Amino acid sequence: MSRSSIRRPVTRWLVTAGFALVVALTYILFSTPSASAYEMSIYEAYPWYFWALAVLALLIGHYAVLERAFGGESERGAWRLGLLLILVVEALLLLLPYFRGYPVFGRGDVLTHVGQIVTIQATGIAGQQDIYPNLHFLVLSFSYASGVKPLHLINSVAVVISLFSLAASFALISTVYDRTRALLSLPFVTLLIGGTAHVNPSPYPQSVLLIPFVLYLFFKEQRTRSTAVRVALVVTAAAMVVYHPLTTLFLLFIFGVYTAAKFVHDQGILTGESVEWRSAVGATPVAHLALGMFAAWYLDFSQVTGKIQTVVQTFAASEGGTSTLESYGSTVSQASPALTDLVRIGLVKYGMSVILLSLAGLYALWTLSSPDRRRDLGIYRTTFLGGFALFAGLAVPFLVMDLVVGFGRPLMLARIFAALLAGSLFYVLYRSADANGKRVVQVGCYLVLACLVVISTFGLYYSPYAIERNHQVTSAELDGADWTLEFREPDNPTIQYGINLRRFRDALYGTAGYTEDEVIPASTTVGPPPHFNYTEHDTLGASYEEDRYMIITRSGRIFYEEMYPDYREFWQFNDGDYERLERDGTVSHVYANGGYDTYLVNSTLAG
């Protein structure tokens, strides 16, 4: 019996088994009770075998694609079924907040975006401070069409755009690569390389996930000169501008990289791609459109101009705020975490970036090491290499300087371009290897993808694995915040732990037209003193000169024991502190619903 006749049923059997695993995963999701309270990690909500089955199903899908890419004799349609398997499993993972019964997933910006949608519903227009109306009108349109409240619907946008981004990445590589290179690139671009961005329905992560679609339209228009594609490109580019200012800036950088790539190819420095098919509509007109819309839209918002001014001052000044690198260094020096903890956190948070950027970097070195290899570069791969180098380099100043936003924003673009290049590394290695070498390349590719699948799965949601709390919002928190905002005395200040009441105020009432009773200033996010100051006073009331409300949620109560179980000496609150709080004569328990408590702290220093 020939080797090919054996491979056919094996691959078919594996893909069939993969879809059987999907059935098992779906059964586990529906049979597991939804969350009854706040849970610090969504990964602990399901049994270990759920995650093992999910990873195994993803690996089977990737194997089916790679088997075809490496010239295997599997059935022609097997790789398509493998791709479908990947997308179905990733869709299930992206839908976990809905399976868990979370009212909404996102404790920060997401709640404020819900509030801006509520404002549009109430007033019929986007307010003058609404910088990102694209997302808000999109969610509102879905809400009107489905009858589901925006609060419960906004997370579906992240699911839809994430899956659309994966499909757009597949269309992009199918357009710019030959079949074999595209198949080898497919497993990398269908990974959830954005990490938590895939479950964050905020303008920046969602707009960045749409960049592969913009690139697809841009290159497709140049190949086909189609009027329909050209119109779609203009509309999409205009929509991207209104999505987020930083994405617009990065998109202009990408068009600049393409212009430079086109120049070196036109000058004959790199000759790997014919230039005859290029249309008259290039990067410059699209960039001019984006730049003009950027100036017309964003320069009228003080929030944007203020951040631009801050960045300029940071570069010009000799001193700035605390950078991400300094913050990490300070934390490590103070806590002296165990090496195993550092490795775990590093793998979950940055393992994906390290692997993908290393693969793209190795491909760049391979290409630049020989004139013949450089001449084989096409304009697409030249653009991708330039984009990878630009954004990987741009992440450095964002890491070492305080530039308003974190270095993860340009790093996400670097990962996207690295994923577009990763398959090319295995493509050139496989083509240049002998029979034994080809087997080594195949095994290496499988192992790398296995690592990436595991990291992407366990880096998809915020969790203690990466020292991040789950972004779950509970019904208890929504009900409690509503009660506090309605019945509290507005003259009393409010301190809070485990919740940002301002964000909940936005989601409940909208971001405009507040009464004085509903306003919780952004500055009142201060929490209670460590150990409720029982190390200094017998009562909490002795720490304040005026009465105040104190809000404590389950998220705050379990934070240290769930996040830092092995670092008890650094806990700012423990069970004894909470037990003493309940006995404190200066503290009155005025509201409780099982996950949200409101206290009134009576000052003993007043008067």
# chains A, B, ... in the order shown; residues from 1 in each chain; ligands from 1
$ select_by_dssp --residues "segment 149-368 of chain A" --states "helix (DSSP H, G or I)" --output "PyMOL selection string"
chain A and resi 150-176+179-189+195-199+203-209+211-224+227-243+245-266+283-298+302-316+324-335+339-368
$ closest_atom_pairs --of "segment 213-258 of chain A" --to "segment 370-389 of chain A" --cutoff "10 Å" --atoms "only C-alpha atoms" --output "JSON lines"
{"residue": "A:Leu215", "atom": "CA", "partner": "A:Tyr380", "partner_atom": "CA", "distance": 9.9}
{"residue": "A:Phe219", "atom": "CA", "partner": "A:Tyr380", "partner_atom": "CA", "distance": 8.4}
{"residue": "A:Phe250", "atom": "CA", "partner": "A:Gly387", "partner_atom": "CA", "distance": 9.8}
{"residue": "A:Phe253", "atom": "CA", "partner": "A:Gly387", "partner_atom": "CA", "distance": 8.1}
{"residue": "A:Ile254", "atom": "CA", "partner": "A:Gly387", "partner_atom": "CA", "distance": 6.2}
{"residue": "A:Phe255", "atom": "CA", "partner": "A:Thr383", "partner_atom": "CA", "distance": 8.9}
{"residue": "A:Gly256", "atom": "CA", "partner": "A:Gly387", "partner_atom": "CA", "distance": 9.3}
{"residue": "A:Val257", "atom": "CA", "partner": "A:Gly386", "partner_atom": "CA", "distance": 6.0}
{"residue": "A:Tyr258", "atom": "CA", "partner": "A:Thr383", "partner_atom": "CA", "distance": 5.2}
$ residues_around --residues "segment 407-415 of chain A" --least-positions-apart "5" --cutoff "7 Å" --atoms "only C-alpha atoms" --output "list in words"
Ile193, Gly194, Ser353, Leu356, Leu357, Phe388, Phe391, Ala392, Leu394, Ala395, Phe398 and Leu399 of chain A
$ atom_distance --atom1 "atom CA of Leu192 of chain A" --atom2 "atom CA of Thr11 of chain A"
23.9 Å
$ atom_distance --atom1 "atom CA of Thr247 of chain A" --atom2 "atom CA of Tyr204 of chain A"
6.7 Å
$ closest_residue --among "A:Val55, A:Ala17, A:Val114, A:Val235" --to "Ala507 of chain A" --atoms "only C-alpha atoms"
A:Val114
$ closest_residue --among "A:Ser336, A:Arg80, A:Leu289, A:Gln267" --to "Phe570 of chain A" --atoms "only C-alpha atoms"
A:Ser336
$ closest_atom_pairs --of "segment 52-135 of chain A" --to "segment 146-168 of chain A" --cutoff "12 Å" --atoms "only C-alpha atoms" --output "CSV"
residue,atom,partner,partner_atom,distance
A:Leu83,CA,A:Ala167,CA,10.1
A:Leu84,CA,A:Ala167,CA,10.6
A:Ile86,CA,A:Leu166,CA,10.3
A:Leu87,CA,A:Leu163,CA,7.3
A:Val88,CA,A:Leu163,CA,9.5
A:Val89,CA,A:Leu163,CA,11.1
A:Glu90,CA,A:Leu163,CA,8.3
A:Ala91,CA,A:Val159,CA,7.1
A:Leu92,CA,A:Val159,CA,9.5
A:Leu93,CA,A:Val159,CA,9.5
A:Leu94,CA,A:Val159,CA,5.9
A:Leu95,CA,A:Val159,CA,7.0
A:Leu96,CA,A:Val159,CA,10.3
A:Pro97,CA,A:Asn155,CA,8.3
A:Tyr98,CA,A:Asn155,CA,8.6
A:Gly101,CA,A:His152,CA,9.9
A:Tyr102,CA,A:His152,CA,8.4
A:Pro103,CA,A:His152,CA,5.6
A:Val104,CA,A:His152,CA,5.6
A:Phe105,CA,A:Asn155,CA,6.6
A:Gly106,CA,A:Asn155,CA,8.5
A:Arg107,CA,A:Leu151,CA,11.8
A:Asp109,CA,A:Ile154,CA,11.8
A:Val110,CA,A:Ile154,CA,8.2
A:Leu111,CA,A:Leu151,CA,7.9
A:Thr112,CA,A:Leu151,CA,10.4
A:His113,CA,A:Ile154,CA,8.9
A:Val114,CA,A:Leu151,CA,5.9
A:Gly115,CA,A:Leu151,CA,8.7
A:Gln116,CA,A:Pro150,CA,10.3
A:Ile117,CA,A:Pro150,CA,7.2
A:Val118,CA,A:Pro150,CA,7.8
A:Thr119,CA,A:Pro150,CA,11.4
A:Ile120,CA,A:Pro150,CA,11.2
A:Gln121,CA,A:Pro150,CA,9.9
A:Asn134,CA,A:Val157,CA,11.7
A:Leu135,CA,A:Val157,CA,8.5
$ residues_around --residues "Gly444 of chain A" --least-positions-apart "4" --cutoff "12 Å" --atoms "only C-alpha atoms" --output "list in words"
Leu66, Leu359, Gly423, Leu425, Phe426, Leu429, Tyr430, Gly437, Lys438, Arg439, Val440, Val448, Leu449, Ala450 and Cys451 of chain A
$ closest_residue --among "A:Leu420, A:Thr190, A:Gln472, A:Ala290" --to "Arg100 of chain A" --atoms "only C-alpha atoms"
A:Gln472
